[in-house]
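Below is one structure, written out as structure tokens; comments come after it.
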Amino acid sequence: MRQEQESYVAPGLADAGGQVAQLRQVLALVEELAGGGAASPGGAALDQAARISDSYARALPIDQRRFDLHAADTARWAAAGVGALLELEEKGRPCRAAARTLAEKLSRALAELERIVRA
């Protein structure tokens, strides 16, 4: 009987900063759809991702869990929102006001993620 090795990965530990960086890229896209400039996250975003990863690694397990849940929830509704915005744009329907609202909500969620791990 051959036993398969299972790979266990601590959720969030390796990619807490990466999750935030991805959400920042989504925010940049949403801001572009809202009529803002196409600001792409630069070096400051990399510094922030590293800082968040470090803070996450030092955070209490309960705070890490809260971060993981909030990041996953944010990613889900942000993806749904972007999908809806892109569909509206494809159909030539106005989406700027909705994109601004989504951008504001996403900015608040990103700030909350930083607060959770005290980054």
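Just so we're on the same page: first chain in the structure tokens is A, next is B, and so on; residues restart at 1 for each chain, and ligands are numbered from 1 in the order they show up.
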message: Env of range 14-30 of chain A: 6 Å cut, atoms = only C-alpha atoms, seq-sep filter 3 positions within chain, self excluded. Answer as a ChimeraX atom specification.
response: /A:33,49-50,52-53,99,103
query: CA of Arg118 in chain A and CA of Ser55 in chain A are how many Å apart?
result: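 Value for the CA of Arg118 in chain A-CA of Ser55 in chain A distance: 6.7 Å.
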field: Separation of CA of Leu88 in chain A from CA of Leu102 in chain A in Å
entry: 13.9 Å
Find the spatial neighbours of range 62-67 of chain A, counting only C-alpha atoms, within a cut-off of 10 Å - ignore same-chain residues fewer than 4 positions away - and output them as a compact mmCIF listing (two decimals) with C-alpha atoms, in the first residue's frame.
```txt
# COMPACT_ATOMS: atom_id res chain seq x y z
CA PRO A 11 -3.18 29.62 4.86
CA GLY A 12 -2.06 33.17 4.38
CA LEU A 13 1.41 32.89 5.87
CA ALA A 16 -0.58 37.64 3.04
CA SER A 55 3.22 41.80 10.34
CA TYR A 56 1.09 38.76 9.50
CA ALA A 57 3.91 36.39 10.51
CA ARG A 58 4.18 38.14 13.90
CA ALA A 71 -8.99 38.74 2.57
CA ALA A 72 -10.91 35.79 1.10
CA ASP A 73 -14.25 37.54 1.53
CA GLU A 112 -9.01 46.98 7.47
CA LEU A 113 -6.65 44.17 6.43
CA GLU A 114 -3.71 46.33 7.48
CA ARG A 115 -5.40 47.14 10.79
CA ILE A 116 -6.08 43.47 11.52
CA VAL A 117 -2.37 42.60 11.48
CA ARG A 118 -1.33 46.07 12.69
```
task: Tell me which of A:Cys95, A:Glu89, A:Gly83, A:Ala75 sits closest to Leu110 in chain A, counting only C-alpha atoms.
output: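 Selected residue with least distance to Leu110 in chain A: A:Ala75.
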- prompt: Quick one: distance from CA of Lys105 in chain A to CA of Ala78 in chain A in Å, one decimal?
  reply: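 Taking CA of Lys105 in chain A as the start and CA of Ala78 in chain A as the end point, the length is 9.1 Å.
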